[in-house]
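Visitor: Can you keep this structure in mind? I'll have questions shortly.
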Protein chains: 2
Amino acid sequence: MKIGILGSGMVGKTIGAALVTLGHQVKLGTRSPGKSDVTEWAKASGGSAGTFAEAAQFGEMLFLCTKGEATLDALAISGPSHFKGKVVVDITNPLDFSRGMPPALLTQFANTNSLGEEVQKALPDARVVKSLNIVNCEVMVNPRKSGGDPTMFVCGNDAAAKQSVIEILKSFGWKDIIDLGDISTARGTEMMLPIWVRLWMATKNGYIGFKVVR
Amino acid sequence: MKIGILGSGMVGKTIGAALVTLGHQVKLGTRSPGKSDVTEWAKASGGSAGTFAEAAQFGEMLFLCTKGEATLDALAISGPSHFKGKVVVDITNPLDFSRGMPPALLTQFANTNSLGEEVQKALPDARVVKSLNIVNCEVMVNPRKSGGDPTMFVCGNDAAAKQSVIEILKSFGWKDIIDLGDISTARGTEMMLPIWVRLWMATKNGYIGFKVVR
């Protein structure tokens with residue numbers, strides 16, 4: 001499949017490289033397509049790079065891997081018309097580092113709202129699925145790296161879109177996947193970030209996952 | 001040990017009965033000590049009942065099992081002097097049902113604050129430990145009821161107090177217990193309630209637990 005990645009930080013690069021390995025054509029969208037780290041990523045991974053708009057236009061499925069605070073701006077730059085009808089996997093987290101560590105959530109996206117919902121509102125013609133945001137990017141593409149069989153969630157309004165994301169998750173190695181419901185359930189998964197951060201601080205281990213025991 | 005329970009809802013009754021079974025002397029504190037459900041609980045469990053103040057005075061260790069919105073008021077009624085030097089296990093959650101299901105968290109206790117921190121502020125001479133708030137009360141006292149070996153957290157400023165709570169947790173059957181750090185880490189555990197509620201709504205199973213895979 002042709003997949004566009006918005007965001008060229010560690011998350012975007014890791015997801016993008018994993019998708020190339022799985023046989024997909026990947027274009028990494030970035031504000032600075034000519035930057036050396038991006039051209040090196042393309043060379044090493046076998047993917048390509050371009051602007052946000054080029055990546056959004058390229059992909060049949062799109063992954064949002066931007067910083068939470070920059071996500072809505074990145075969608076505007078990418079051109080909302082490029083998202084029409086497409087499955088958009090939202091991996092972003094509305095983290096607020098303005099008061100240092102540990103981050104809180106950005107108040108406008110927390111508790112009674114979520115970034116997932118705001119992404120869906122900003123892209124009314126897209127089929128947004130929130131997923132993968134609750135683990136480190138290396139665990140996203142290789143859940144066994146956690147040392148076990150953690151659970152992953154999908155949240156979104158479109159059942160077929162969630163199913164296509166579940167297929168991608170399975171190709172990454174996720175076996176225990178729970179469909180939480182509509183996009184408002186992203187509130188719950190985004191609100192798991194504070195416990196993730198505190199676990200990382202307490203255990204010095206970032207390769208963790210959450211298993212729903214049941 | 002003499003243990004006082006503040007709150008005579010399902011959580012308080014379940015915790016109290018389990019502690020009696022484990023050999024502790026338990027007094028259940030309630031606004032209405034004469035109510036039939038409370039006297040029946042005492043008869044069936046072998047515990048005793050009294051006012052909030054009587055339970056707070058009785059216990060060498062105290063469990064807060066009130067509704068989140070009523071917790072600070074219950075502490076005031078109980079008499080803060082009765083908590084001096086004692087280990088106070090805070091099981092409460094700042095759930096806001098005012099907009100119906102699913103609940104959000106009460107804004108004043110969420111994200112950049114927590115009910116655990118407010119309890120510690122209200123009882124500066126007590127040694128508050130947040131724990132058990134992330135599961136159903138039947139799972140609290142019998143984690144195997146989840147069907148596996150879930151993780152439990154302790155959060156608090158006093159290491160010895162956390163150790164004494166860990167001993168109680170072990171006596172309930174918890175094997176995987178993580179000390180997250182000071183009482184501000186309660187923010188993370190309280191923010192797990194929205195995912196708990198959404199999992200319960202999605203799976204119709206309230207006997208779940210969270211295992212930190214690592």
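Here's how to read the names in the structure tokens: chain A, B, ... by the order shown, residue numbers from 1 in each chain, ligand numbers from 1 in the order shown.
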As a PDB file with C-alpha atoms, in the first residue's frame, please: every residue in stretch 4-212 of chain A that DSSP puts in strand (DSSP E or B).

Guide:
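Listing of result14.pdb after writing:
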ATOM      1  CA  GLY A   4       2.190   8.731   3.933  1.00  0.00           C
ATOM      2  CA  ILE A   5       3.755   9.620   7.266  1.00  0.00           C
ATOM      3  CA  LEU A   6       3.303  13.120   8.656  1.00  0.00           C
ATOM      4  CA  GLN A  25       5.659   2.278  -0.352  1.00  0.00           C
ATOM      5  CA  VAL A  26       6.280   5.020   2.185  1.00  0.00           C
ATOM      6  CA  LYS A  27       6.685   8.777   1.867  1.00  0.00           C
ATOM      7  CA  LEU A  28       7.813  10.652   4.969  1.00  0.00           C
ATOM      8  CA  GLY A  29       6.338  14.147   5.169  1.00  0.00           C
ATOM      9  CA  SER A  48      11.046   8.538   0.125  1.00  0.00           C
ATOM     10  CA  ALA A  49      10.635  11.978   1.666  1.00  0.00           C
ATOM     11  CA  GLY A  50       8.675  15.086   0.781  1.00  0.00           C
ATOM     12  CA  MET A  61      -3.334   5.516   4.349  1.00  0.00           C
ATOM     13  CA  LEU A  62      -1.752   8.240   6.481  1.00  0.00           C
ATOM     14  CA  PHE A  63       0.003   8.142   9.849  1.00  0.00           C
ATOM     15  CA  LEU A  64       0.098  11.253  12.055  1.00  0.00           C
ATOM     16  CA  VAL A  87      -7.720   6.129   6.824  1.00  0.00           C
ATOM     17  CA  VAL A  88      -5.710   8.411   9.118  1.00  0.00           C
ATOM     18  CA  VAL A  89      -3.900   6.697  11.973  1.00  0.00           C
ATOM     19  CA  ASP A  90      -3.443   9.233  14.755  1.00  0.00           C
ATOM     20  CA  LEU A  95       1.779  16.398  25.881  1.00  0.00           C
ATOM     21  CA  ASP A  96       2.531  19.699  27.589  1.00  0.00           C
ATOM     22  CA  ALA A 104       0.878  17.063  31.762  1.00  0.00           C
ATOM     23  CA  LEU A 105      -1.650  16.848  28.933  1.00  0.00           C
ATOM     24  CA  ARG A 127     -11.614   8.207   8.721  1.00  0.00           C
ATOM     25  CA  VAL A 128      -9.476   8.796  11.819  1.00  0.00           C
ATOM     26  CA  VAL A 129      -8.313   5.902  13.987  1.00  0.00           C
ATOM     27  CA  LYS A 130      -6.424   6.585  17.211  1.00  0.00           C
ATOM     28  CA  SER A 131      -3.908   3.865  18.008  1.00  0.00           C
ATOM     29  CA  THR A 151      -2.698  -4.961  24.479  1.00  0.00           C
ATOM     30  CA  MET A 152      -3.259  -2.302  21.806  1.00  0.00           C
ATOM     31  CA  PHE A 153      -6.389  -0.186  21.376  1.00  0.00           C
ATOM     32  CA  VAL A 154      -8.135   1.234  18.329  1.00  0.00           C
ATOM     33  CA  CYS A 155     -10.593   4.147  18.609  1.00  0.00           C
ATOM     34  CA  GLY A 156     -12.572   5.584  15.725  1.00  0.00           C
ATOM     35  CA  ASP A 176      -4.236  -8.558  21.531  1.00  0.00           C
ATOM     36  CA  ILE A 177      -6.178  -5.647  20.040  1.00  0.00           C
ATOM     37  CA  ILE A 178      -9.303  -4.097  21.590  1.00  0.00           C
ATOM     38  CA  ASP A 179     -11.734  -1.875  19.698  1.00  0.00           C
ATOM     39  CA  LEU A 180     -12.749   0.677  22.345  1.00  0.00           C
ATOM     40  CA  GLY A 181     -15.463   2.377  20.315  1.00  0.00           C
ATOM     41  CA  GLY A 209       3.387  -2.156  27.345  1.00  0.00           C
ATOM     42  CA  PHE A 210       0.005  -2.472  29.012  1.00  0.00           C
ATOM     43  CA  LYS A 211      -1.804  -5.786  29.033  1.00  0.00           C
ATOM     44  CA  VAL A 212      -5.493  -5.732  29.836  1.00  0.00           C
TER      45      VAL A 212
END

Visitor: Taking only C-alpha atoms into account, which residues of chain A are within 9 Å of chain B, as a VMD selection string?

Guide: chain A and resid 104 to 107 110 to 112 145 to 150 178 to 181 185 to 199 201 to 203 205 to 214

Visitor: For the selection just defined, write its residues with N, CA and C atoms to a file, as a short mmCIF file (atom, residue, chain, number, x, y, z; two decimals), in the first residue's frame.

Guide:
data_model
loop_
_atom_site.label_atom_id
_atom_site.label_comp_id
_atom_site.auth_asym_id
_atom_site.auth_seq_id
_atom_site.Cartn_x
_atom_site.Cartn_y
_atom_site.Cartn_z
N ALA A 104 2.32 17.26 31.61
CA ALA A 104 0.88 17.06 31.76
C ALA A 104 0.29 16.91 30.35
N LEU A 105 -1.00 16.76 30.24
CA LEU A 105 -1.65 16.85 28.93
C LEU A 105 -2.04 18.31 28.70
N LEU A 106 -2.05 18.72 27.45
CA LEU A 106 -2.53 20.05 27.10
C LEU A 106 -4.01 20.13 27.48
N THR A 107 -4.34 21.10 28.33
CA THR A 107 -5.67 21.14 28.94
C THR A 107 -6.81 21.09 27.92
N ALA A 110 -7.61 17.50 26.94
CA ALA A 110 -7.59 16.48 28.00
C ALA A 110 -8.95 16.33 28.68
N ASN A 111 -9.22 15.11 29.12
CA ASN A 111 -10.31 14.79 30.04
C ASN A 111 -11.69 14.88 29.38
N THR A 112 -12.12 16.07 28.99
CA THR A 112 -13.41 16.21 28.32
C THR A 112 -13.24 16.40 26.82
N LYS A 145 9.12 -6.46 21.86
CA LYS A 145 10.22 -5.73 22.49
C LYS A 145 9.91 -5.40 23.96
N SER A 146 8.61 -5.37 24.31
CA SER A 146 8.22 -5.13 25.70
C SER A 146 8.53 -6.34 26.58
N GLY A 147 8.77 -7.47 25.94
CA GLY A 147 9.04 -8.68 26.71
C GLY A 147 7.81 -9.54 26.92
N GLY A 148 6.69 -9.16 26.30
CA GLY A 148 5.47 -9.95 26.49
C GLY A 148 4.49 -9.72 25.36
N ASP A 149 3.24 -9.80 25.68
CA ASP A 149 2.16 -9.70 24.70
C ASP A 149 1.18 -8.60 25.15
N PRO A 150 1.59 -7.34 25.04
CA PRO A 150 0.72 -6.26 25.53
C PRO A 150 -0.52 -6.06 24.65
N ILE A 178 -7.93 -4.36 21.13
CA ILE A 178 -9.30 -4.10 21.59
C ILE A 178 -9.84 -2.85 20.89
N ASP A 179 -11.01 -2.99 20.29
CA ASP A 179 -11.73 -1.87 19.70
C ASP A 179 -12.53 -1.21 20.82
N LEU A 180 -12.12 0.00 21.21
CA LEU A 180 -12.75 0.68 22.34
C LEU A 180 -14.05 1.37 21.99
N GLY A 181 -14.24 1.66 20.70
CA GLY A 181 -15.46 2.38 20.31
C GLY A 181 -15.13 3.57 19.45
N THR A 185 -13.31 7.72 22.54
CA THR A 185 -12.60 6.83 23.46
C THR A 185 -11.09 7.10 23.44
N ALA A 186 -10.64 7.91 22.48
CA ALA A 186 -9.23 8.34 22.48
C ALA A 186 -8.88 9.10 23.75
N ARG A 187 -9.89 9.70 24.40
CA ARG A 187 -9.61 10.37 25.68
C ARG A 187 -8.92 9.42 26.65
N GLY A 188 -9.46 8.22 26.73
CA GLY A 188 -8.91 7.24 27.67
C GLY A 188 -7.48 6.84 27.31
N THR A 189 -7.21 6.63 26.02
CA THR A 189 -5.85 6.19 25.66
C THR A 189 -4.85 7.34 25.81
N GLU A 190 -5.27 8.55 25.47
CA GLU A 190 -4.35 9.69 25.66
C GLU A 190 -4.08 9.94 27.14
N MET A 191 -5.07 9.67 27.98
CA MET A 191 -4.88 9.88 29.43
C MET A 191 -4.02 8.78 30.07
N MET A 192 -3.59 7.80 29.27
CA MET A 192 -2.64 6.81 29.78
C MET A 192 -1.20 7.32 29.72
N LEU A 193 -0.98 8.44 29.05
CA LEU A 193 0.40 8.91 28.93
C LEU A 193 1.03 9.27 30.27
N PRO A 194 0.28 9.94 31.17
CA PRO A 194 0.91 10.24 32.47
C PRO A 194 1.38 8.98 33.22
N ILE A 195 0.61 7.90 33.19
CA ILE A 195 1.10 6.69 33.89
C ILE A 195 2.29 6.11 33.13
N TRP A 196 2.28 6.18 31.80
CA TRP A 196 3.43 5.70 31.03
C TRP A 196 4.70 6.47 31.45
N VAL A 197 4.59 7.78 31.48
CA VAL A 197 5.76 8.61 31.82
C VAL A 197 6.25 8.29 33.24
N ARG A 198 5.31 8.14 34.18
CA ARG A 198 5.71 7.86 35.57
C ARG A 198 6.31 6.47 35.70
N LEU A 199 5.82 5.52 34.92
CA LEU A 199 6.42 4.18 34.94
C LEU A 199 7.84 4.23 34.40
N MET A 201 9.82 6.81 34.44
CA MET A 201 10.66 7.49 35.43
C MET A 201 10.97 6.56 36.61
N ALA A 202 9.98 5.74 37.01
CA ALA A 202 10.17 4.89 38.20
C ALA A 202 11.01 3.66 37.89
N THR A 203 10.89 3.13 36.67
CA THR A 203 11.55 1.85 36.37
C THR A 203 12.75 2.02 35.43
N ASN A 205 12.70 2.08 32.43
CA ASN A 205 12.47 1.19 31.29
C ASN A 205 11.39 1.80 30.39
N GLY A 206 11.78 2.15 29.16
CA GLY A 206 10.80 2.71 28.23
C GLY A 206 10.15 1.67 27.34
N TYR A 207 10.63 0.44 27.42
CA TYR A 207 10.08 -0.62 26.55
C TYR A 207 9.01 -1.39 27.29
N ILE A 208 7.98 -0.66 27.68
CA ILE A 208 6.89 -1.27 28.43
C ILE A 208 5.64 -1.30 27.57
N GLY A 209 4.70 -2.12 27.97
CA GLY A 209 3.39 -2.16 27.34
C GLY A 209 2.36 -2.39 28.43
N PHE A 210 1.10 -2.24 28.07
CA PHE A 210 0.01 -2.47 29.01
C PHE A 210 -0.83 -3.65 28.53
N LYS A 211 -0.95 -4.66 29.37
CA LYS A 211 -1.80 -5.79 29.03
C LYS A 211 -3.10 -5.67 29.83
N VAL A 212 -4.21 -5.70 29.13
CA VAL A 212 -5.49 -5.73 29.84
C VAL A 212 -5.74 -7.18 30.25
N VAL A 213 -5.60 -7.45 31.55
CA VAL A 213 -5.82 -8.80 32.08
C VAL A 213 -7.31 -9.00 32.24
N ARG A 214 -7.83 -10.10 31.65
CA ARG A 214 -9.28 -10.33 31.70
C ARG A 214 -9.59 -11.79 31.43
#

Visitor: Could you go through chain A and tell me which residues DSSP, when run on the backbone, assigns to helix (DSSP H, G or I), listing them as a PyMOL selection string?

Guide: chain A and resi 10-21+36-45+52-58+68-78+80-83+107-109+115-122+137-140+143-146+159-172+183-190+193-203

Visitor: Output C-alpha atoms of each residue in that selection to a file, as a short mmCIF file (atom, residue, chain, number, x, y, z; two decimals), in the first residue's frame.

Guide:
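In the end it all went to out_32.cif:
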data_model
loop_
_atom_site.label_atom_id
_atom_site.label_comp_id
_atom_site.auth_asym_id
_atom_site.auth_seq_id
_atom_site.Cartn_x
_atom_site.Cartn_y
_atom_site.Cartn_z
CA MET A 10 11.78 9.35 15.81
CA VAL A 11 8.19 8.06 15.72
CA GLY A 12 7.64 8.87 12.04
CA LYS A 13 10.99 7.44 10.99
CA THR A 14 10.52 4.24 13.01
CA ILE A 15 6.96 3.63 11.76
CA GLY A 16 7.95 4.51 8.21
CA ALA A 17 10.96 2.19 8.12
CA ALA A 18 8.91 -0.67 9.59
CA LEU A 19 6.21 -0.18 6.93
CA VAL A 20 8.83 -0.26 4.14
CA THR A 21 10.15 -3.53 5.58
CA SER A 36 20.28 15.45 6.20
CA ASP A 37 18.57 13.23 8.75
CA VAL A 38 15.57 12.88 6.42
CA THR A 39 17.58 12.13 3.29
CA GLU A 40 19.65 9.64 5.30
CA TRP A 41 16.47 7.99 6.57
CA ALA A 42 15.19 7.66 2.99
CA LYS A 43 18.46 6.15 1.80
CA ALA A 44 18.70 3.69 4.69
CA SER A 45 15.04 2.64 4.76
CA PHE A 52 3.70 17.36 4.46
CA ALA A 53 1.39 18.02 1.50
CA GLU A 54 3.29 15.61 -0.77
CA ALA A 55 3.16 12.84 1.81
CA ALA A 56 -0.54 13.46 2.48
CA GLN A 57 -1.30 13.34 -1.25
CA PHE A 58 0.85 10.24 -1.77
CA GLY A 68 0.82 16.86 19.81
CA GLU A 69 1.02 20.64 19.96
CA ALA A 70 1.96 20.81 16.24
CA THR A 71 -0.58 18.31 14.94
CA LEU A 72 -3.48 20.55 13.93
CA ASP A 73 -1.10 23.00 12.28
CA ALA A 74 0.52 20.12 10.36
CA LEU A 75 -2.89 19.04 9.05
CA ALA A 76 -3.57 22.57 7.80
CA ILE A 77 -0.19 22.69 6.05
CA SER A 78 -0.78 19.25 4.52
CA PRO A 80 -7.16 18.81 4.37
CA SER A 81 -8.41 17.88 0.87
CA HIS A 82 -5.58 15.32 0.64
CA PHE A 83 -7.15 13.33 3.49
CA THR A 107 -5.67 21.14 28.94
CA GLN A 108 -7.70 21.87 25.81
CA PHE A 109 -7.23 18.26 24.64
CA LEU A 115 -6.49 15.29 20.28
CA GLY A 116 -7.99 12.34 18.42
CA GLU A 117 -11.38 14.04 18.40
CA GLU A 118 -9.88 17.33 17.27
CA VAL A 119 -8.06 15.58 14.41
CA GLN A 120 -11.35 14.03 13.28
CA LYS A 121 -13.04 17.46 13.49
CA ALA A 122 -10.23 19.04 11.46
CA CYS A 137 7.83 3.79 18.90
CA GLU A 138 10.09 0.75 18.93
CA VAL A 139 7.37 -1.15 20.78
CA MET A 140 4.76 0.19 18.33
CA PRO A 143 5.38 -5.32 20.63
CA ARG A 144 7.54 -8.29 21.66
CA LYS A 145 10.22 -5.73 22.49
CA SER A 146 8.22 -5.13 25.70
CA ALA A 159 -15.50 0.22 11.55
CA ALA A 160 -13.83 -0.56 8.20
CA ALA A 161 -11.07 1.94 8.93
CA LYS A 162 -10.44 0.35 12.31
CA GLN A 163 -10.28 -3.06 10.64
CA SER A 164 -7.65 -1.88 8.16
CA VAL A 165 -5.59 -0.45 11.05
CA ILE A 166 -5.96 -3.73 12.93
CA GLU A 167 -4.43 -5.50 9.91
CA ILE A 168 -1.43 -3.14 10.04
CA LEU A 169 -1.13 -3.68 13.81
CA LYS A 170 -1.15 -7.45 13.29
CA SER A 171 1.61 -7.10 10.70
CA PHE A 172 3.66 -5.27 13.38
CA ILE A 183 -13.12 8.44 18.45
CA SER A 184 -14.12 9.92 21.85
CA THR A 185 -12.60 6.83 23.46
CA ALA A 186 -9.23 8.34 22.48
CA ARG A 187 -9.61 10.37 25.68
CA GLY A 188 -8.91 7.24 27.67
CA THR A 189 -5.85 6.19 25.66
CA GLU A 190 -4.35 9.69 25.66
CA LEU A 193 0.40 8.91 28.93
CA PRO A 194 0.91 10.24 32.47
CA ILE A 195 1.10 6.69 33.89
CA TRP A 196 3.43 5.70 31.03
CA VAL A 197 5.76 8.61 31.82
CA ARG A 198 5.71 7.86 35.57
CA LEU A 199 6.42 4.18 34.94
CA TRP A 200 9.34 5.12 32.73
CA MET A 201 10.66 7.49 35.43
CA ALA A 202 10.17 4.89 38.20
CA THR A 203 11.55 1.85 36.37
#

Visitor: Select, from B:Lys35, B:Lys67, B:Lys175, B:Lys204, the residue with the minimum atom-to-atom distance to B:Asn133, counting only C-alpha atoms.

Guide: B:Lys67

Visitor: Rounded to one decimal in Å, what is the spacing between atom CA of A:Ile91 and atom CA of A:Pro124?

Guide: 17.7 Å
